[in-house]
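What follows is data01.txt (compact mmCIF, C-alpha atoms).
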# COMPACT_ATOMS: atom_id res chain seq x y z
CA MET A 1 85.33 153.11 101.23
CA SER A 2 81.80 151.79 101.10
CA LEU A 3 80.18 148.49 100.19
CA GLU A 4 78.76 150.20 97.11
CA GLU A 5 82.22 151.23 95.92
CA LEU A 6 83.54 147.71 96.47
CA GLU A 7 80.60 146.24 94.60
CA ALA A 8 81.13 148.59 91.68
CA ARG A 9 84.78 147.49 91.40
CA ILE A 10 83.86 143.81 91.59
CA THR A 11 81.19 144.31 88.93
CA VAL A 12 83.72 145.79 86.49
CA LEU A 13 86.06 142.81 86.96
CA GLU A 14 83.18 140.37 86.48
CA ASP A 15 82.07 142.24 83.37
CA ILE A 16 85.56 142.17 81.81
CA GLU A 17 85.68 138.41 82.38
CA ALA A 18 82.13 137.98 80.99
CA VAL A 19 82.95 139.93 77.81
CA LYS A 20 86.11 137.85 77.26
CA ARG A 21 84.10 134.68 77.81
CA LEU A 22 81.42 135.86 75.35
CA MET A 23 84.10 136.41 72.70
CA ALA A 24 85.58 132.93 73.27
CA THR A 25 82.10 131.38 73.23
CA TYR A 26 81.44 133.14 69.91
CA THR A 27 84.59 131.62 68.40
CA TYR A 28 83.74 128.11 69.60
CA LEU A 29 80.20 128.35 68.13
CA VAL A 30 81.55 129.62 64.80
CA ASP A 31 84.26 126.95 64.67
CA ASP A 32 81.76 124.21 65.59
CA SER A 33 79.39 125.51 62.86
CA GLN A 34 76.62 126.09 65.41
CA TRP A 35 75.07 128.73 63.12
CA ASN A 36 71.64 128.65 64.79
CA ASP A 37 73.07 129.52 68.21
CA ILE A 38 75.12 132.53 67.16
CA ALA A 39 72.28 135.05 66.76
CA ASP A 40 71.48 134.79 70.49
CA LEU A 41 74.86 136.34 71.29
CA PHE A 42 73.72 139.59 69.62
CA ALA A 43 71.47 142.38 70.86
CA ASP A 44 68.27 142.86 68.82
CA ASN A 45 69.58 146.01 67.13
CA ALA A 46 73.19 144.85 66.84
CA ARG A 47 75.37 145.42 63.79
CA ALA A 48 78.00 143.21 62.19
CA GLU A 49 80.70 144.60 59.87
CA TYR A 50 82.66 141.75 58.35
CA GLY A 51 85.00 143.42 55.86
CA MET A 52 84.42 142.26 52.29
CA LEU A 53 81.74 139.82 53.46
CA GLY A 54 79.42 142.78 54.07
CA SER A 55 77.62 144.64 56.85
CA TYR A 56 74.38 143.51 58.54
CA ASP A 57 71.89 145.22 60.83
CA GLY A 58 69.71 143.52 63.39
CA LYS A 59 69.84 140.14 65.09
CA GLU A 60 67.85 138.38 62.36
CA ALA A 61 69.99 139.65 59.47
CA ILE A 62 73.12 138.79 61.41
CA GLY A 63 71.82 135.29 62.15
CA ASN A 64 71.10 134.75 58.45
CA PHE A 65 74.53 136.13 57.53
CA PHE A 66 76.18 133.44 59.65
CA LYS A 67 73.92 130.66 58.42
CA GLU A 68 74.17 131.54 54.74
CA VAL A 69 77.38 133.52 54.11
CA VAL A 70 79.88 132.68 56.83
CA SER A 71 79.06 128.99 56.64
CA GLN A 72 80.21 129.01 52.99
CA ALA A 73 83.32 131.15 53.43
CA TRP A 74 85.43 128.26 54.65
CA SER A 75 85.06 124.51 55.18
CA TRP A 76 86.95 124.54 58.47
CA ALA A 77 88.53 127.13 60.75
CA VAL A 78 89.76 127.81 64.26
CA HIS A 79 89.43 131.45 65.30
CA GLN A 80 92.28 131.83 67.78
CA LEU A 81 92.01 134.94 69.97
CA LEU A 82 94.94 136.95 71.25
CA ASN A 83 95.72 140.31 72.82
CA PRO A 84 92.38 141.02 74.53
CA LEU A 85 91.77 144.63 75.55
CA VAL A 86 88.37 145.11 77.22
CA THR A 87 87.04 148.38 78.64
CA VAL A 88 83.78 148.43 80.58
CA GLU A 89 81.70 151.56 81.22
CA GLY A 90 78.50 150.67 83.04
CA ASP A 91 76.25 148.65 80.75
CA ARG A 92 78.47 149.14 77.70
CA ALA A 93 81.87 147.79 76.80
CA ARG A 94 84.46 147.82 74.05
CA GLY A 95 86.82 145.02 73.22
CA ARG A 96 89.70 144.52 70.82
CA TRP A 97 91.35 141.22 69.93
CA TYR A 98 93.71 139.82 67.36
CA ILE A 99 92.52 136.73 65.51
CA PHE A 100 95.07 134.26 64.20
CA SER A 101 93.13 131.68 62.30
CA CYS A 102 94.01 128.37 60.68
CA SER A 103 91.44 127.87 57.97
CA THR A 104 90.60 125.49 55.15
CA MET A 105 89.01 127.27 52.20
CA PRO A 106 87.53 125.77 49.05
CA SER A 107 89.06 126.79 45.71
CA PRO A 108 88.89 125.62 42.09
CA GLU A 109 92.07 123.60 42.78
CA GLY A 110 90.50 121.97 45.84
CA ASP A 111 90.72 122.73 49.56
CA ARG A 112 93.60 125.02 50.57
CA ALA A 113 95.11 125.67 53.99
CA MET A 114 95.06 129.43 54.70
CA TRP A 115 96.48 131.60 57.46
CA VAL A 116 94.11 134.46 58.39
CA GLN A 117 95.15 137.37 60.60
CA ALA A 118 92.59 139.98 61.55
CA SER A 119 91.54 142.51 64.19
CA TYR A 120 88.23 142.67 66.03
CA ASN A 121 87.08 146.07 67.30
CA ASN A 122 83.78 145.22 68.99
CA GLU A 123 81.15 146.81 71.20
CA PHE A 124 78.97 145.14 73.77
CA VAL A 125 75.85 145.93 75.78
CA LYS A 126 74.57 144.38 79.03
CA ILE A 127 70.89 143.46 78.80
CA ASP A 128 69.14 141.97 81.86
CA GLY A 129 72.49 141.08 83.33
CA LYS A 130 73.79 139.28 80.19
CA TRP A 131 76.43 140.72 77.87
CA LYS A 132 75.68 140.67 74.13
CA PHE A 133 77.38 142.01 71.00
CA SER A 134 76.10 145.42 69.91
CA LEU A 135 78.78 145.76 67.21
CA LEU A 136 80.98 143.04 65.77
CA ARG A 137 83.56 144.69 63.51
CA LEU A 138 86.24 142.66 61.78
CA ALA A 139 89.15 143.98 59.71
CA PHE A 140 91.30 141.45 57.84
CA ASN A 141 95.07 141.97 57.80
CA PHE A 142 95.90 138.96 55.65
CA ILE A 143 94.38 135.84 54.16
CA THR A 144 97.30 133.91 52.69
CA PRO A 145 97.80 130.37 51.37
CA TYR A 146 99.89 128.23 53.70
CA GLU A 147 102.51 127.68 50.99
CA GLU A 148 102.86 131.40 50.12
CA GLY A 149 102.90 133.65 53.19
CA TRP A 150 101.58 137.15 53.57
CA VAL A 151 104.29 138.91 51.54
CA LYS A 152 103.83 136.80 48.41
CA SER A 153 100.05 136.70 48.64
CA GLY A 154 96.99 137.87 50.53
CA MET A 155 97.98 141.05 52.36
CA MET A 156 94.88 143.19 52.73
CA THR A 157 96.13 146.30 54.52
CA GLY A 158 98.90 148.90 54.14
CA MET B 1 74.24 143.31 99.39
CA SER B 2 76.37 142.01 102.21
CA LEU B 3 80.06 141.54 102.87
CA GLU B 4 79.52 137.81 102.51
CA GLU B 5 78.00 138.20 99.05
CA LEU B 6 80.82 140.48 97.95
CA GLU B 7 83.38 138.04 99.29
CA ALA B 8 81.75 135.19 97.35
CA ARG B 9 81.97 137.21 94.15
CA ILE B 10 85.62 138.02 94.76
CA LYS B 11 86.31 134.33 95.47
CA MET B 12 84.75 133.42 92.11
CA LEU B 13 87.06 135.86 90.29
CA GLU B 14 90.05 134.53 92.22
CA ASP B 15 89.11 130.93 91.37
CA ILE B 16 88.83 131.75 87.64
CA GLU B 17 92.24 133.44 87.72
CA GLU B 18 93.79 130.54 89.63
CA ILE B 19 92.49 128.00 87.13
CA LYS B 20 93.91 130.02 84.25
CA ARG B 21 97.25 130.14 86.07
CA LEU B 22 97.05 126.37 86.64
CA MET B 23 96.62 125.82 82.91
CA THR B 24 99.50 128.18 82.08
CA SER B 25 101.69 126.43 84.65
CA TYR B 26 100.83 123.11 83.01
CA ALA B 27 101.92 124.49 79.63
CA ASP B 28 105.11 126.07 80.98
CA TRP B 29 106.15 122.93 82.88
CA VAL B 30 105.41 120.53 80.02
CA ASP B 31 107.52 122.74 77.73
CA ALA B 32 110.30 122.89 80.35
CA TYR B 33 110.16 119.10 80.88
CA GLN B 34 109.48 119.65 84.61
CA MET B 35 107.33 116.54 84.66
CA ASP B 36 107.15 116.08 88.46
CA ASP B 37 105.63 119.57 88.67
CA VAL B 38 103.20 118.72 85.87
CA VAL B 39 102.00 115.56 87.63
CA GLY B 40 101.55 117.56 90.84
CA LEU B 41 98.81 119.58 89.12
CA PHE B 42 96.54 116.52 88.92
CA ALA B 43 94.16 115.13 91.57
CA GLU B 44 94.92 111.57 92.75
CA ASN B 45 92.09 110.03 90.72
CA ALA B 46 92.37 112.38 87.75
CA LYS B 47 92.10 111.27 84.13
CA ALA B 48 94.04 112.49 81.12
CA GLU B 49 92.80 111.82 77.58
CA TYR B 50 95.03 112.64 74.63
CA GLY B 51 93.18 111.08 71.71
CA PRO B 52 95.56 108.94 69.64
CA LEU B 53 98.28 109.40 72.30
CA GLY B 54 96.15 107.44 74.76
CA SER B 55 94.12 107.79 77.96
CA TYR B 56 95.63 107.65 81.43
CA GLU B 57 94.03 107.18 84.85
CA GLY B 58 95.29 108.26 88.23
CA LYS B 59 98.39 110.23 89.04
CA ASP B 60 100.63 107.18 88.40
CA GLY B 61 99.15 106.56 84.96
CA ILE B 62 99.45 110.23 84.12
CA ALA B 63 103.07 110.26 85.34
CA THR B 64 103.83 107.45 82.87
CA PHE B 65 102.49 109.58 80.04
CA PHE B 66 104.57 112.62 80.93
CA LYS B 67 107.78 110.87 81.92
CA GLU B 68 107.85 108.09 79.31
CA VAL B 69 105.51 108.80 76.38
CA VAL B 70 106.11 112.53 75.90
CA PRO B 71 109.95 112.47 76.00
CA ASN B 72 109.91 109.64 73.44
CA THR B 73 107.58 111.58 71.14
CA GLN B 74 109.02 115.10 71.03
CA SER B 75 112.19 117.03 71.82
CA TRP B 76 110.59 120.48 72.08
CA SER B 77 107.22 122.20 72.27
CA ALA B 78 105.62 125.55 73.04
CA HIS B 79 102.09 125.02 74.34
CA GLN B 80 100.44 128.30 73.37
CA LEU B 81 97.04 128.63 75.05
CA LEU B 82 94.19 130.69 73.61
CA ASN B 83 90.44 131.34 73.89
CA PRO B 84 90.02 130.55 77.60
CA THR B 85 86.56 130.02 79.07
CA VAL B 86 86.40 129.05 82.74
CA THR B 87 83.18 128.28 84.63
CA VAL B 88 83.31 127.69 88.39
CA GLU B 89 80.61 126.00 90.46
CA GLY B 90 81.68 125.76 94.07
CA GLU B 91 84.58 123.34 94.34
CA LYS B 92 84.35 122.13 90.74
CA ALA B 93 85.11 123.93 87.49
CA LYS B 94 85.27 123.44 83.76
CA GLY B 95 87.59 125.15 81.30
CA THR B 96 88.13 125.18 77.56
CA TRP B 97 91.17 126.45 75.66
CA TYR B 98 92.53 126.27 72.16
CA LEU B 99 96.11 125.04 71.83
CA PHE B 100 98.36 126.30 69.03
CA CYS B 101 101.64 124.50 69.55
CA PRO B 102 104.76 124.45 67.43
CA ALA B 103 106.68 121.30 68.31
CA THR B 104 109.66 119.19 67.25
CA VAL B 105 108.80 115.50 67.04
CA PHE B 106 111.03 112.48 66.45
CA ARG B 107 110.70 110.70 63.12
CA PRO B 108 112.80 107.82 61.69
CA GLU B 109 114.14 110.24 59.08
CA GLY B 110 115.06 112.91 61.67
CA ASP B 111 113.51 115.73 63.70
CA GLN B 112 110.33 117.15 62.24
CA ALA B 113 108.80 120.59 62.90
CA VAL B 114 105.07 120.25 63.37
CA TRP B 115 102.17 122.56 64.05
CA ILE B 116 99.69 121.09 66.54
CA GLN B 117 96.22 122.59 66.99
CA GLY B 118 93.44 121.32 69.19
CA ARG B 119 91.01 121.97 71.99
CA TYR B 120 91.12 121.28 75.72
CA ASN B 121 87.87 120.43 77.52
CA ASN B 122 89.11 120.19 81.08
CA GLU B 123 87.60 119.73 84.52
CA PHE B 124 89.00 120.87 87.82
CA VAL B 125 88.44 120.18 91.52
CA LYS B 126 89.44 122.26 94.53
CA ILE B 127 91.24 120.14 97.13
CA ASN B 128 92.31 121.72 100.44
CA GLY B 129 91.96 125.15 98.87
CA LYS B 130 94.07 124.35 95.77
CA TRP B 131 92.72 123.74 92.29
CA LYS B 132 93.86 120.59 90.46
CA PHE B 133 92.99 118.84 87.19
CA SER B 134 90.30 116.19 87.59
CA LEU B 135 90.07 115.69 83.81
CA LEU B 136 92.46 116.87 81.11
CA LYS B 137 90.90 116.08 77.74
CA PHE B 138 92.69 117.15 74.57
CA THR B 139 91.20 116.72 71.10
CA PHE B 140 93.53 117.18 68.11
CA ASN B 141 92.38 119.27 65.15
CA PHE B 142 95.70 118.73 63.41
CA ALA B 143 99.34 117.74 63.91
CA THR B 144 100.92 118.64 60.59
CA PRO B 145 104.50 118.82 59.31
CA TYR B 146 105.65 122.40 58.81
CA GLU B 147 106.25 121.72 55.10
CA GLU B 148 102.75 120.32 54.51
CA GLY B 149 99.95 122.14 56.36
CA TRP B 150 96.68 120.75 57.69
CA VAL B 151 95.03 120.20 54.32
CA LYS B 152 97.83 118.13 52.76
CA SER B 153 98.46 116.25 56.03
CA ARG B 154 96.06 116.65 58.94
CA MET B 155 97.31 113.89 61.27
CA PRO B 156 100.25 111.46 61.17
CA GLU B 157 99.37 108.12 59.64
CA GLU B 158 100.46 105.90 62.52
Since I need it in another form, could you write the structure as structure tokens?
Amino acid sequence: MSLEELEARITVLEDIEAVKRLMATYTYLVDDSQWNDIADLFADNARAEYGMLGSYDGKEAIGNFFKEVVSQAWSWAVHQLLNPLVTVEGDRARGRWYIFSCSTMPSPEGDRAMWVQASYNNEFVKIDGKWKFSLLRLAFNFITPYEEGWVKSGMMTG
Amino acid sequence: MSLEELEARIKMLEDIEEIKRLMTSYADWVDAYQMDDVVGLFAENAKAEYGPLGSYEGKDGIATFFKEVVPNTQSWSAHQLLNPTVTVEGEKAKGTWYLFCPATVFRPEGDQAVWIQGRYNNEFVKINGKWKFSLLKFTFNFATPYEEGWVKSRMPEE
């Protein structure tokens, strides 16, 4: 075994950790409403597919999407990540997570507590040693009022 | 690239993993009421800040919190940890986690199921090769009765 082989193995482990950290950093920025800082997590030609909230191409469009659309979708949320599965291949990576979100959404009756469950199926690219999103793809499983539950209301798949 | 450089990179990955294990051990031992083990995870001059539950300095102060305050507040909890980010710089480190914790708390009218959600912003120090908490700082987002949810009742009144 050579130093090069060892280094390659270490790099993969570091990259897996970096991609997981990028995903957690993304959730903290979103939950702290740091809309101006989110675009920097994306590659210039990245794409975001956010279910019924639309699809967006390019860092600028994605930045505006967060500032203008996402910021209005809820008044408060915590995007809790579970079940990470990250695969690194050189300068590219794929990552899947579950999201289990507590959210407060505005409605005609006033603010409502909502449970949101969704899947991320993302892609990443390493640019100048830093990992960025190349594809952020979200699929909602349910968005249900706290009082109802996902059988009575809000199931979006199946 | 040298053996020394590779070893330093491996050490970084090991430190990140050890800090995550430390945090999981904290959660497991708090939930199991193994409070001596919990206190053993803290440096001598550590601080613990729990928002409305108070701030505690030094291992003795922290022991008071775990052995007297916690058992008088709740009969059961499951400290579920999510969204880890760990950053190591030599013999110091910082880590953030979300907590999503079902718990049973004491109320005058009887046991109450609550959902607790919040964020840890912790700091760690490596002492004689072992990582310990230097700062455990927990900020509540909500502690809500199961029947209510975080919009109807975000935090207890008292």
For the contact check between chain B and chain A, emit one row per residue of chain B within 8 Å, containing the shortest atom pair and the distance in Å rounded to one decimal, counting all atoms listed in the file, chain then rising number order, as JSON lines.
{"residue": "B:Met1", "atom": "CA", "partner": "A:Leu3", "partner_atom": "CA", "distance": 7.9}
{"residue": "B:Ser2", "atom": "CA", "partner": "A:Leu3", "partner_atom": "CA", "distance": 7.8}
{"residue": "B:Leu3", "atom": "CA", "partner": "A:Leu3", "partner_atom": "CA", "distance": 7.4}
{"residue": "B:Leu6", "atom": "CA", "partner": "A:Glu7", "partner_atom": "CA", "distance": 6.7}
{"residue": "B:Arg9", "atom": "CA", "partner": "A:Ile10", "partner_atom": "CA", "distance": 7.3}
{"residue": "B:Ile10", "atom": "CA", "partner": "A:Ile10", "partner_atom": "CA", "distance": 6.8}
{"residue": "B:Leu13", "atom": "CA", "partner": "A:Glu14", "partner_atom": "CA", "distance": 7.1}
{"residue": "B:Leu82", "atom": "CA", "partner": "A:Leu81", "partner_atom": "CA", "distance": 6.0}
{"residue": "B:Asn83", "atom": "CA", "partner": "A:Ala24", "partner_atom": "CA", "distance": 5.2}
{"residue": "B:Pro84", "atom": "CA", "partner": "A:Ala24", "partner_atom": "CA", "distance": 6.6}
{"residue": "B:Thr85", "atom": "CA", "partner": "A:Arg21", "partner_atom": "CA", "distance": 5.4}
{"residue": "B:Val86", "atom": "CA", "partner": "A:Arg21", "partner_atom": "CA", "distance": 7.8}
{"residue": "B:Tyr98", "atom": "CA", "partner": "A:Gln80", "partner_atom": "CA", "distance": 7.1}
{"residue": "B:Gly149", "atom": "CA", "partner": "A:Ala113", "partner_atom": "CA", "distance": 6.4}
{"residue": "B:Trp150", "atom": "CA", "partner": "A:Ala113", "partner_atom": "CA", "distance": 6.4}
{"residue": "B:Val151", "atom": "CA", "partner": "A:Ala113", "partner_atom": "CA", "distance": 5.5}
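Minimum atom-to-atom distance to B:Leu136, evaluated using only C-alpha atoms, belongs to B:Asn122 out of B:Asn122, B:Ser77, B:Asn72, B:Gln34.
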Legend entry - Residue nearest B:Cys101 among B:Asn128, B:Phe140, B:Phe66, B:Glu123 (counting only C-alpha atoms): B:Phe140
Inset, instruction - Between atom CA of B:Gly95 and atom CA of B:Trp131, measure the distance and give it in Å to one decimal. - result: 12.2 Å
Inset, instruction - Return the single residue from A:Ala93, A:Met155, A:Ile16, A:Leu136 that is closest to A:Leu41, with distances computed using all atoms listed in the file. - result: A:Leu136
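Here the residues that fall within 12 Å of (75.4, 152.5, 85.9), using all atoms listed in the file, are given as Glu4, Glu7, Ala8, Arg9, Thr11, Val12, Val88, Glu89, Gly90, Asp91, Arg92 and Lys126 of chain A.
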Output C-alpha atoms for every residue in the selection just made, as a compact mmCIF listing (two decimals), in the coordinates of the input.
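Result saved to result_24.txt:
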# COMPACT_ATOMS: atom_id res chain seq x y z
CA GLU A 4 78.76 150.20 97.11
CA GLU A 7 80.60 146.24 94.60
CA ALA A 8 81.13 148.59 91.68
CA ARG A 9 84.78 147.49 91.40
CA THR A 11 81.19 144.31 88.93
CA VAL A 12 83.72 145.79 86.49
CA VAL A 88 83.78 148.43 80.58
CA GLU A 89 81.70 151.56 81.22
CA GLY A 90 78.50 150.67 83.04
CA ASP A 91 76.25 148.65 80.75
CA ARG A 92 78.47 149.14 77.70
CA LYS A 126 74.57 144.38 79.03
Inset, instruction - For B:Ala143, list every protein, DNA or RNA residue within 8 Å, evaluated using only C-alpha atoms, and leave out those in the same chain fewer than 6 positions away; present the list as a ChimeraX atom specification. - result: /B:114-117,150,154-156
Take every atom of stretch 66-77 of chain B listed in the file, fit an axis-aligned box around them, add 5 Å per side, and give the centre and edge lengths in Å to one decimal as JSON.
{"center_x": 108.4, "center_y": 115.1, "center_z": 76.5, "size_x": 17.6, "size_y": 24.1, "size_z": 20.9}
Inset, instruction - Work out how far atom CA of B:Arg21 is from atom CA of B:Lys130, in Å to one decimal. - result: 11.7 Å
Legend entry - Interatomic distance, atom CA of B:Glu17 to atom CA of A:Asn122 (Å, one decimal): 23.7 Å
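If you count all atoms listed in the file and ignore residues fewer than 6 places along the chain from B:Thr104, what sits within 8 Å of it is B:Gln74, B:Ser75, B:Trp76, B:Ser77, B:Asp111, B:Gln112, B:Ala113, B:Val114.
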If we count all atoms listed in the file, what is near A:Ser153 at a cut-off of 9 Å, once residues fewer than 6 positions away on the same chain are taken out, given as a compact mmCIF listing (two decimals) with C-alpha atoms, in the coordinates of the input?
# COMPACT_ATOMS: atom_id res chain seq x y z
CA PHE A 142 95.90 138.96 55.65
CA ILE A 143 94.38 135.84 54.16
CA THR A 144 97.30 133.91 52.69
CA PRO A 145 97.80 130.37 51.37
Regenerate stretch 122-138 of chain A at the level of N, CA and C atoms and dump it as a PDB file, in the frame of the given file.
ATOM      1  N   ASN A 122      85.194 145.512  68.723  1.00  0.00           N
ATOM      2  CA  ASN A 122      83.780 145.220  68.990  1.00  0.00           C
ATOM      3  C   ASN A 122      83.200 146.092  70.084  1.00  0.00           C
ATOM      4  N   GLU A 123      81.870 146.133  70.126  1.00  0.00           N
ATOM      5  CA  GLU A 123      81.150 146.810  71.200  1.00  0.00           C
ATOM      6  C   GLU A 123      80.106 145.867  71.770  1.00  0.00           C
ATOM      7  N   PHE A 124      79.836 146.063  73.041  1.00  0.00           N
ATOM      8  CA  PHE A 124      78.970 145.140  73.770  1.00  0.00           C
ATOM      9  C   PHE A 124      77.991 145.927  74.619  1.00  0.00           C
ATOM     10  N   VAL A 125      76.836 145.300  74.925  1.00  0.00           N
ATOM     11  CA  VAL A 125      75.850 145.930  75.780  1.00  0.00           C
ATOM     12  C   VAL A 125      75.333 144.880  76.766  1.00  0.00           C
ATOM     13  N   LYS A 126      75.057 145.313  77.996  1.00  0.00           N
ATOM     14  CA  LYS A 126      74.570 144.380  79.030  1.00  0.00           C
ATOM     15  C   LYS A 126      73.064 144.523  79.121  1.00  0.00           C
ATOM     16  N   ILE A 127      72.358 143.442  78.811  1.00  0.00           N
ATOM     17  CA  ILE A 127      70.890 143.460  78.800  1.00  0.00           C
ATOM     18  C   ILE A 127      70.402 142.426  79.796  1.00  0.00           C
ATOM     19  N   ASP A 128      69.643 142.885  80.821  1.00  0.00           N
ATOM     20  CA  ASP A 128      69.140 141.970  81.860  1.00  0.00           C
ATOM     21  C   ASP A 128      70.269 141.117  82.428  1.00  0.00           C
ATOM     22  N   GLY A 129      71.388 141.767  82.675  1.00  0.00           N
ATOM     23  CA  GLY A 129      72.490 141.080  83.330  1.00  0.00           C
ATOM     24  C   GLY A 129      73.357 140.226  82.410  1.00  0.00           C
ATOM     25  N   LYS A 130      73.014 140.115  81.124  1.00  0.00           N
ATOM     26  CA  LYS A 130      73.790 139.280  80.190  1.00  0.00           C
ATOM     27  C   LYS A 130      74.451 140.184  79.133  1.00  0.00           C
ATOM     28  N   TRP A 131      75.726 139.957  78.891  1.00  0.00           N
ATOM     29  CA  TRP A 131      76.430 140.720  77.870  1.00  0.00           C
ATOM     30  C   TRP A 131      76.124 140.152  76.487  1.00  0.00           C
ATOM     31  N   LYS A 132      75.926 141.053  75.517  1.00  0.00           N
ATOM     32  CA  LYS A 132      75.680 140.670  74.130  1.00  0.00           C
ATOM     33  C   LYS A 132      76.519 141.584  73.228  1.00  0.00           C
ATOM     34  N   PHE A 133      76.758 141.133  71.983  1.00  0.00           N
ATOM     35  CA  PHE A 133      77.380 142.010  71.000  1.00  0.00           C
ATOM     36  C   PHE A 133      76.395 143.109  70.596  1.00  0.00           C
ATOM     37  N   SER A 134      76.856 144.383  70.600  1.00  0.00           N
ATOM     38  CA  SER A 134      76.100 145.420  69.910  1.00  0.00           C
ATOM     39  C   SER A 134      76.760 145.745  68.579  1.00  0.00           C
ATOM     40  N   LEU A 135      78.070 145.562  68.467  1.00  0.00           N
ATOM     41  CA  LEU A 135      78.780 145.760  67.210  1.00  0.00           C
ATOM     42  C   LEU A 135      79.893 144.728  67.113  1.00  0.00           C
ATOM     43  N   LEU A 136      79.887 143.939  66.054  1.00  0.00           N
ATOM     44  CA  LEU A 136      80.980 143.040  65.770  1.00  0.00           C
ATOM     45  C   LEU A 136      81.639 143.569  64.497  1.00  0.00           C
ATOM     46  N   ARG A 137      82.883 144.031  64.624  1.00  0.00           N
ATOM     47  CA  ARG A 137      83.560 144.690  63.510  1.00  0.00           C
ATOM     48  C   ARG A 137      84.903 144.036  63.282  1.00  0.00           C
ATOM     49  N   LEU A 138      85.065 143.446  62.114  1.00  0.00           N
ATOM     50  CA  LEU A 138      86.240 142.660  61.780  1.00  0.00           C
ATOM     51  C   LEU A 138      87.001 143.331  60.649  1.00  0.00           C
TER      52      LEU A 138
END
